[in-house]
Amino acid sequence: MAAVMCTAAFAGCGSKKEEAPAASEFAMIAGTSTPDTHPYVLGMNKISELVKEKSGGAVTLDVFGNSQLGSERDLIEDLQLGSVQMTCVSTAPISGFTDMFLVFDLPFLFETTEQARAVLDSEVGSEILNSVEAQGLVGLAWFENGFRNVTNNKKPIEKPEDLKGMKIRTMENQMHMAAFQAMGADPTPMAMGEVFTALQQGTIDGQENPIPIIETNKFDEVQKYVSLTGHLYSPTPVFIAKDYFDALPAEYQTAVKEAAVEAAPYEREQIDAQTESGAKALEERGMQINSPDKKPFQDATASIYDTYVKEGAGFVSPDIYARVQEVIAANK
Ligand code: EAX
């Protein structure tokens with residue numbers, strides 16, 4: 001396919017043959033779980049554009065959204081197996097591979113986006129991002145998904161009691177499930193690709209995600225209420241398969257790394273823009289949005305800290321937790 005396109009390009013170039021782009025030496029593919037209009041795909045497309053430019057066309061990246069290449073857990077495994085080269089995923093499903101990202105699964109850890117981004121861009125943030133070599137991954141940059149909000153079909157969530165008995169889809173993460181249990185809900189873990197249909201068929205009552213995910217997935221077609229609980233913040237590491245990255249010539253490694261780092265602020269800007277425009281769009285399309293007092297939700301989930309911040313497998317390292325809190329305190 002690439003060869004055919006290349007020939008066509010040469011043919012079209014006539015006498016300017018020497019300026020025709022060479023076929024890429026390193027053709028990478030990336031997958032995400034989100035629609036093509038979501039900032040994950042926009043950010044990945046930005047990496048694609050930048051890496052092509054920086055490598056003079058030698059390195060290319062084709063991006064496949066909508067869980068076409070699999071769920072977020074599948075995508076991590078695909079990188080490990082080598083069938084996909086890049087991805088960006090919420091940190092929650094990474095809990096199946098390493099404990100290093102678990103600190104982000106503590107409910108109400110951050111009060112503001114600024115605090116969260118300060119942690120991502122801090123020394124401890126880099127350490128977490130760079131901790132995945134043993135998992136066969138290289139962390140390139142921090143994208144962002146954002147603060148998560150509950151949607152459902154029954155009523156606006158004003159207080160934790162309103163969640164009582166509601167079947168809420170969560171990501172595949174023990175701490176998220178524990179948090180929803182603590183708030184009285186019935187958490188149901190599921191990959192993103194199955195959520196729309198499950199909402200439509202009523203096998204679940206609701207789900208929780210940031211506004212850009214709710215809007216680009218058109219959850220308004222199957223959900224009535226968005227409650228701005230902001231109970232968790234999802235950061236999004238951009239990963240490349242380690243074997244693939246290690247085999248790249250050094251100058252292309254630099255090109256890939258720089259492209260991802262430069263695309264990160266762009267991706268986060270798209271999150272900011274879509275958080276604002278998405279809320280408006282959802283309201284226009286008939287959803288009802290409410291902003292509950294967060295304190296009762298925070299109180300209801302406080303026990304998660306006691307249970308999960310401790311030494312040991314499956315827990316949040318107290319050292320990482322303390323260092324993250326230091327950055328938060330400096331950004332209050
Ligand atoms: O990472 O699975 C989820 O709910 C995630 O927020 C989403 O797919 C993007």
# chains A, B, ... in the order shown; residues from 1 in each chain; ligands from 1
>>> select_by_dssp(residues="range 169-272 of chain A", states="alpha helix (DSSP H)", output="number ranges by chain")
A: 174-182, 195-201, 211-216, 242-247, 250-272
>>> write_last_selection(atoms="C-alpha atoms", output="PDB file, in the first residue's frame")
ATOM      1  CA  GLN A 174      -9.889  -1.633  42.177  1.00  0.00           C
ATOM      2  CA  MET A 175      -9.563   1.757  43.829  1.00  0.00           C
ATOM      3  CA  HIS A 176     -12.204   3.315  41.584  1.00  0.00           C
ATOM      4  CA  MET A 177     -14.537   0.456  42.378  1.00  0.00           C
ATOM      5  CA  ALA A 178     -13.842   0.838  46.102  1.00  0.00           C
ATOM      6  CA  ALA A 179     -14.553   4.580  45.884  1.00  0.00           C
ATOM      7  CA  PHE A 180     -17.916   3.999  44.209  1.00  0.00           C
ATOM      8  CA  GLN A 181     -18.768   1.295  46.698  1.00  0.00           C
ATOM      9  CA  ALA A 182     -17.935   3.734  49.494  1.00  0.00           C
ATOM     10  CA  VAL A 195     -20.162   1.488  27.597  1.00  0.00           C
ATOM     11  CA  PHE A 196     -22.509   3.150  25.081  1.00  0.00           C
ATOM     12  CA  THR A 197     -24.373  -0.085  24.353  1.00  0.00           C
ATOM     13  CA  ALA A 198     -24.536  -1.002  28.055  1.00  0.00           C
ATOM     14  CA  LEU A 199     -26.069   2.410  28.793  1.00  0.00           C
ATOM     15  CA  GLN A 200     -28.458   2.064  25.891  1.00  0.00           C
ATOM     16  CA  GLN A 201     -29.585  -1.398  26.939  1.00  0.00           C
ATOM     17  CA  ILE A 211     -16.868  16.203  29.781  1.00  0.00           C
ATOM     18  CA  PRO A 212     -14.854  15.794  26.521  1.00  0.00           C
ATOM     19  CA  ILE A 213     -15.328  11.994  26.703  1.00  0.00           C
ATOM     20  CA  ILE A 214     -19.046  12.328  27.498  1.00  0.00           C
ATOM     21  CA  GLU A 215     -19.544  14.764  24.639  1.00  0.00           C
ATOM     22  CA  THR A 216     -17.464  13.099  21.914  1.00  0.00           C
ATOM     23  CA  LYS A 242      10.238  -0.067  24.313  1.00  0.00           C
ATOM     24  CA  ASP A 243      11.656  -2.625  21.854  1.00  0.00           C
ATOM     25  CA  TYR A 244      10.559  -0.469  18.940  1.00  0.00           C
ATOM     26  CA  PHE A 245      11.875   2.722  20.502  1.00  0.00           C
ATOM     27  CA  ASP A 246      15.228   1.143  21.398  1.00  0.00           C
ATOM     28  CA  ALA A 247      15.687  -0.034  17.807  1.00  0.00           C
ATOM     29  CA  ALA A 250      19.140   7.947  18.102  1.00  0.00           C
ATOM     30  CA  GLU A 251      18.099  10.983  16.036  1.00  0.00           C
ATOM     31  CA  TYR A 252      14.643   9.490  15.477  1.00  0.00           C
ATOM     32  CA  GLN A 253      14.309   8.632  19.158  1.00  0.00           C
ATOM     33  CA  THR A 254      14.873  12.316  19.842  1.00  0.00           C
ATOM     34  CA  ALA A 255      12.350  13.262  17.151  1.00  0.00           C
ATOM     35  CA  VAL A 256       9.689  10.982  18.673  1.00  0.00           C
ATOM     36  CA  LYS A 257      10.349  12.186  22.211  1.00  0.00           C
ATOM     37  CA  GLU A 258      10.311  15.855  21.219  1.00  0.00           C
ATOM     38  CA  ALA A 259       7.165  15.441  19.155  1.00  0.00           C
ATOM     39  CA  ALA A 260       5.316  13.918  22.113  1.00  0.00           C
ATOM     40  CA  VAL A 261       6.573  16.532  24.584  1.00  0.00           C
ATOM     41  CA  GLU A 262       5.584  19.356  22.210  1.00  0.00           C
ATOM     42  CA  ALA A 263       2.166  17.828  21.534  1.00  0.00           C
ATOM     43  CA  ALA A 264       1.308  17.596  25.255  1.00  0.00           C
ATOM     44  CA  PRO A 265       0.453  21.273  25.859  1.00  0.00           C
ATOM     45  CA  TYR A 266      -1.601  21.214  22.648  1.00  0.00           C
ATOM     46  CA  GLU A 267      -3.539  18.150  23.838  1.00  0.00           C
ATOM     47  CA  ARG A 268      -4.198  19.776  27.229  1.00  0.00           C
ATOM     48  CA  GLU A 269      -5.440  22.961  25.511  1.00  0.00           C
ATOM     49  CA  GLN A 270      -7.914  20.829  23.570  1.00  0.00           C
ATOM     50  CA  ILE A 271      -9.114  19.353  26.885  1.00  0.00           C
ATOM     51  CA  ASP A 272      -9.650  22.874  28.281  1.00  0.00           C
TER      52      ASP A 272
END
>>> residues_near_ligand(ligand="ligand 1", cutoff="10 Å", atoms="only C-alpha atoms and all ligand atoms", output="NGL selection string")
:A and (32-35 or 38-40 or 66-67 or 71-73 or 88-93 or 144-148 or 169-172 or 189-195 or 207-214 or 217 or 233-237)
>>> atom_distance(atom1="CA of Met287 in chain A", atom2="CA of Lys159 in chain A")
18.8 Å
>>> residues_around(residues="range 126-134 of chain A", least_positions_apart="4", cutoff="10 Å", atoms="only C-alpha atoms", output="short mmCIF file (atom, residue, chain, number, x, y, z; two decimals) with N, CA, C and O atoms, in the first residue's frame")
data_model
loop_
_atom_site.label_atom_id
_atom_site.label_comp_id
_atom_site.auth_asym_id
_atom_site.auth_seq_id
_atom_site.Cartn_x
_atom_site.Cartn_y
_atom_site.Cartn_z
N ILE A 94 -3.83 0.96 33.92
CA ILE A 94 -2.42 0.57 34.05
C ILE A 94 -2.21 -0.18 35.36
O ILE A 94 -1.20 -0.87 35.57
N PHE A 97 -0.89 -3.59 35.44
CA PHE A 97 0.49 -3.85 35.00
C PHE A 97 1.54 -3.39 36.02
O PHE A 97 2.60 -3.98 36.12
N THR A 98 1.26 -2.29 36.72
CA THR A 98 2.21 -1.75 37.70
C THR A 98 1.46 -0.90 38.72
O THR A 98 0.40 -0.35 38.42
N ASP A 99 2.03 -0.77 39.93
CA ASP A 99 1.41 0.05 40.99
C ASP A 99 1.82 1.51 40.92
O ASP A 99 1.30 2.34 41.66
N MET A 100 2.77 1.84 40.05
CA MET A 100 3.38 3.18 40.08
C MET A 100 2.38 4.32 39.84
O MET A 100 2.62 5.45 40.25
N PHE A 101 1.29 4.04 39.12
CA PHE A 101 0.35 5.11 38.76
C PHE A 101 -0.84 5.21 39.73
O PHE A 101 -1.70 6.05 39.56
N LEU A 102 -0.87 4.32 40.72
CA LEU A 102 -2.04 4.22 41.60
C LEU A 102 -2.34 5.49 42.39
O LEU A 102 -3.47 5.70 42.80
N VAL A 103 -1.32 6.31 42.60
CA VAL A 103 -1.55 7.54 43.37
C VAL A 103 -2.67 8.37 42.74
O VAL A 103 -3.45 9.02 43.43
N VAL A 119 1.76 18.40 39.13
CA VAL A 119 2.29 17.09 39.53
C VAL A 119 2.82 16.34 38.31
O VAL A 119 3.92 15.78 38.34
N LEU A 120 2.06 16.34 37.22
CA LEU A 120 2.52 15.64 36.01
C LEU A 120 3.88 16.19 35.57
O LEU A 120 4.76 15.43 35.15
N ASP A 121 4.03 17.50 35.67
CA ASP A 121 5.24 18.16 35.16
C ASP A 121 6.36 18.26 36.20
O ASP A 121 7.36 18.93 35.97
N SER A 122 6.17 17.62 37.34
CA SER A 122 7.17 17.67 38.41
C SER A 122 8.14 16.49 38.31
O SER A 122 7.96 15.60 37.47
N VAL A 138 7.96 2.77 27.04
CA VAL A 138 8.69 4.00 27.33
C VAL A 138 7.65 5.11 27.44
O VAL A 138 6.81 5.27 26.54
N GLY A 139 7.68 5.84 28.55
CA GLY A 139 6.77 6.98 28.74
C GLY A 139 7.35 8.19 28.04
O GLY A 139 8.50 8.57 28.28
N LEU A 140 6.56 8.80 27.14
CA LEU A 140 7.09 9.91 26.33
C LEU A 140 6.65 11.27 26.86
O LEU A 140 7.41 12.24 26.83
N ALA A 141 5.40 11.37 27.29
CA ALA A 141 4.86 12.67 27.72
C ALA A 141 3.56 12.44 28.47
O ALA A 141 3.00 11.34 28.42
N TRP A 142 3.09 13.48 29.15
CA TRP A 142 1.81 13.41 29.85
C TRP A 142 0.74 14.18 29.08
O TRP A 142 0.76 15.41 29.07
N THR A 236 -2.98 11.08 31.50
CA THR A 236 -2.88 10.19 30.34
C THR A 236 -1.45 10.12 29.82
O THR A 236 -1.00 11.01 29.09
N PRO A 237 -0.70 9.10 30.20
CA PRO A 237 0.65 8.97 29.66
C PRO A 237 0.63 8.55 28.19
O PRO A 237 -0.25 7.79 27.78
N VAL A 238 1.57 9.08 27.43
CA VAL A 238 1.76 8.63 26.05
C VAL A 238 2.91 7.61 26.09
O VAL A 238 4.00 7.91 26.57
N PHE A 239 2.61 6.41 25.62
CA PHE A 239 3.60 5.34 25.64
C PHE A 239 4.02 4.93 24.23
O PHE A 239 3.20 4.96 23.30
N ALA A 241 6.23 1.52 22.46
CA ALA A 241 6.78 0.20 22.77
C ALA A 241 8.29 0.31 22.92
O ALA A 241 8.97 0.88 22.07
N LYS A 242 8.81 -0.23 24.00
CA LYS A 242 10.24 -0.07 24.31
C LYS A 242 11.14 -0.72 23.26
O LYS A 242 12.12 -0.12 22.82
N ASP A 243 10.82 -1.93 22.85
CA ASP A 243 11.66 -2.63 21.85
C ASP A 243 11.75 -1.81 20.57
O ASP A 243 12.82 -1.70 19.97
N ILE A 320 5.67 8.02 47.29
CA ILE A 320 5.14 8.74 46.12
C ILE A 320 3.99 9.65 46.56
O ILE A 320 3.91 10.81 46.14
#
>>> closest_residue(among="A:His231, A:Asn152, A:Ser291, A:Ala185", to="Phe219 in chain A", atoms="only C-alpha atoms")
A:Asn152
>>> atom_distance(atom1="CA of Ala118 in chain A", atom2="CA of Phe143 in chain A")
12.6 Å
>>> closest_residue(among="A:Gln115, A:Gln68, A:Phe110, A:Ala23", to="Asn331 in chain A", atoms="only C-alpha atoms")
A:Gln115
>>> select_by_dssp(residues="range 208-317 of chain A", states="strand (DSSP E or B)", output="list in words")
Glu208, Asn209, Tyr225, Val226, Ser227, Tyr233, Ser234, Pro235, Thr236, Pro237, Val238, Phe239, Ile240, Ala241, Gln288, Ile289, Asn290, Val309 and Val316 of chain A
>>> write_last_selection(atoms="N, CA, C and O atoms", output="PDB file, in the first residue's frame")
ATOM      1  N   GLU A 208     -18.909   7.273  34.523  1.00  0.00           N
ATOM      2  CA  GLU A 208     -18.226   8.487  34.975  1.00  0.00           C
ATOM      3  C   GLU A 208     -17.042   8.772  34.067  1.00  0.00           C
ATOM      4  O   GLU A 208     -16.257   7.878  33.758  1.00  0.00           O
ATOM      5  N   ASN A 209     -16.958  10.009  33.607  1.00  0.00           N
ATOM      6  CA  ASN A 209     -15.907  10.412  32.675  1.00  0.00           C
ATOM      7  C   ASN A 209     -15.826  11.937  32.601  1.00  0.00           C
ATOM      8  O   ASN A 209     -16.772  12.629  32.958  1.00  0.00           O
ATOM      9  N   TYR A 225     -28.541  12.959  32.889  1.00  0.00           N
ATOM     10  CA  TYR A 225     -27.935  13.842  33.890  1.00  0.00           C
ATOM     11  C   TYR A 225     -26.406  13.771  33.921  1.00  0.00           C
ATOM     12  O   TYR A 225     -25.836  12.695  33.878  1.00  0.00           O
ATOM     13  N   VAL A 226     -25.774  14.950  34.009  1.00  0.00           N
ATOM     14  CA  VAL A 226     -24.333  15.024  34.285  1.00  0.00           C
ATOM     15  C   VAL A 226     -24.180  15.742  35.617  1.00  0.00           C
ATOM     16  O   VAL A 226     -24.656  16.864  35.762  1.00  0.00           O
ATOM     17  N   SER A 227     -23.529  15.104  36.564  1.00  0.00           N
ATOM     18  CA  SER A 227     -23.286  15.742  37.857  1.00  0.00           C
ATOM     19  C   SER A 227     -21.785  15.979  37.997  1.00  0.00           C
ATOM     20  O   SER A 227     -20.987  15.035  37.939  1.00  0.00           O
ATOM     21  N   TYR A 233      -9.299  12.508  38.953  1.00  0.00           N
ATOM     22  CA  TYR A 233      -8.665  13.179  37.824  1.00  0.00           C
ATOM     23  C   TYR A 233      -7.856  12.120  37.081  1.00  0.00           C
ATOM     24  O   TYR A 233      -7.061  11.408  37.688  1.00  0.00           O
ATOM     25  N   SER A 234      -8.085  12.002  35.788  1.00  0.00           N
ATOM     26  CA  SER A 234      -7.348  11.014  34.989  1.00  0.00           C
ATOM     27  C   SER A 234      -6.244  11.664  34.161  1.00  0.00           C
ATOM     28  O   SER A 234      -6.527  12.399  33.210  1.00  0.00           O
ATOM     29  N   PRO A 235      -4.983  11.402  34.496  1.00  0.00           N
ATOM     30  CA  PRO A 235      -3.905  11.799  33.608  1.00  0.00           C
ATOM     31  C   PRO A 235      -3.714  10.734  32.527  1.00  0.00           C
ATOM     32  O   PRO A 235      -4.226   9.621  32.664  1.00  0.00           O
ATOM     33  N   THR A 236      -2.985  11.075  31.501  1.00  0.00           N
ATOM     34  CA  THR A 236      -2.877  10.195  30.344  1.00  0.00           C
ATOM     35  C   THR A 236      -1.446  10.120  29.823  1.00  0.00           C
ATOM     36  O   THR A 236      -1.001  11.006  29.089  1.00  0.00           O
ATOM     37  N   PRO A 237      -0.703   9.096  30.204  1.00  0.00           N
ATOM     38  CA  PRO A 237       0.649   8.968  29.665  1.00  0.00           C
ATOM     39  C   PRO A 237       0.628   8.554  28.188  1.00  0.00           C
ATOM     40  O   PRO A 237      -0.247   7.789  27.778  1.00  0.00           O
ATOM     41  N   VAL A 238       1.567   9.081  27.433  1.00  0.00           N
ATOM     42  CA  VAL A 238       1.765   8.630  26.050  1.00  0.00           C
ATOM     43  C   VAL A 238       2.905   7.610  26.092  1.00  0.00           C
ATOM     44  O   VAL A 238       3.999   7.910  26.568  1.00  0.00           O
ATOM     45  N   PHE A 239       2.610   6.409  25.624  1.00  0.00           N
ATOM     46  CA  PHE A 239       3.600   5.336  25.642  1.00  0.00           C
ATOM     47  C   PHE A 239       4.019   4.934  24.235  1.00  0.00           C
ATOM     48  O   PHE A 239       3.204   4.959  23.299  1.00  0.00           O
ATOM     49  N   ILE A 240       5.291   4.523  24.114  1.00  0.00           N
ATOM     50  CA  ILE A 240       5.758   3.857  22.897  1.00  0.00           C
ATOM     51  C   ILE A 240       6.344   2.508  23.329  1.00  0.00           C
ATOM     52  O   ILE A 240       6.857   2.378  24.454  1.00  0.00           O
ATOM     53  N   ALA A 241       6.230   1.522  22.455  1.00  0.00           N
ATOM     54  CA  ALA A 241       6.781   0.197  22.766  1.00  0.00           C
ATOM     55  C   ALA A 241       8.292   0.312  22.919  1.00  0.00           C
ATOM     56  O   ALA A 241       8.974   0.876  22.067  1.00  0.00           O
ATOM     57  N   GLN A 288     -29.037  17.558  31.543  1.00  0.00           N
ATOM     58  CA  GLN A 288     -29.166  18.454  32.684  1.00  0.00           C
ATOM     59  C   GLN A 288     -27.872  18.367  33.491  1.00  0.00           C
ATOM     60  O   GLN A 288     -27.463  17.265  33.871  1.00  0.00           O
ATOM     61  N   ILE A 289     -27.224  19.521  33.720  1.00  0.00           N
ATOM     62  CA  ILE A 289     -25.936  19.510  34.431  1.00  0.00           C
ATOM     63  C   ILE A 289     -26.105  20.157  35.809  1.00  0.00           C
ATOM     64  O   ILE A 289     -26.678  21.236  35.915  1.00  0.00           O
ATOM     65  N   ASN A 290     -25.631  19.472  36.853  1.00  0.00           N
ATOM     66  CA  ASN A 290     -25.642  20.083  38.188  1.00  0.00           C
ATOM     67  C   ASN A 290     -24.258  20.004  38.820  1.00  0.00           C
ATOM     68  O   ASN A 290     -23.440  19.157  38.455  1.00  0.00           O
ATOM     69  N   VAL A 309      -3.168   3.772  50.905  1.00  0.00           N
ATOM     70  CA  VAL A 309      -1.825   4.359  50.987  1.00  0.00           C
ATOM     71  C   VAL A 309      -1.030   3.564  52.011  1.00  0.00           C
ATOM     72  O   VAL A 309      -1.146   3.769  53.216  1.00  0.00           O
ATOM     73  N   VAL A 316      -0.771   2.255  47.099  1.00  0.00           N
ATOM     74  CA  VAL A 316      -0.102   3.500  46.720  1.00  0.00           C
ATOM     75  C   VAL A 316       1.126   3.668  47.607  1.00  0.00           C
ATOM     76  O   VAL A 316       0.989   3.725  48.838  1.00  0.00           O
TER      77      VAL A 316
END
>>> decode(residues="range 138-154 of chain A", atoms="C-alpha atoms", output="PDB file, in the first residue's frame")
ATOM      1  CA  VAL A 138       8.685   4.002  27.327  1.00  0.00           C
ATOM      2  CA  GLY A 139       6.768   6.978  28.740  1.00  0.00           C
ATOM      3  CA  LEU A 140       7.085   9.911  26.334  1.00  0.00           C
ATOM      4  CA  ALA A 141       4.864  12.674  27.717  1.00  0.00           C
ATOM      5  CA  TRP A 142       1.809  13.407  29.845  1.00  0.00           C
ATOM      6  CA  PHE A 143      -1.441  14.081  28.042  1.00  0.00           C
ATOM      7  CA  GLU A 144      -4.570  14.509  30.121  1.00  0.00           C
ATOM      8  CA  ASN A 145      -8.118  13.188  30.244  1.00  0.00           C
ATOM      9  CA  GLY A 146      -9.374  15.403  33.063  1.00  0.00           C
ATOM     10  CA  PHE A 147     -11.746  15.499  36.014  1.00  0.00           C
ATOM     11  CA  ARG A 148     -14.354  12.776  35.970  1.00  0.00           C
ATOM     12  CA  ASN A 149     -18.075  13.376  36.438  1.00  0.00           C
ATOM     13  CA  VAL A 150     -20.967  10.999  36.943  1.00  0.00           C
ATOM     14  CA  THR A 151     -23.682  10.677  34.315  1.00  0.00           C
ATOM     15  CA  ASN A 152     -26.850   8.640  34.753  1.00  0.00           C
ATOM     16  CA  ASN A 153     -30.381   8.220  33.615  1.00  0.00           C
ATOM     17  CA  LYS A 154     -32.280   8.420  36.895  1.00  0.00           C
TER      18      LYS A 154
END
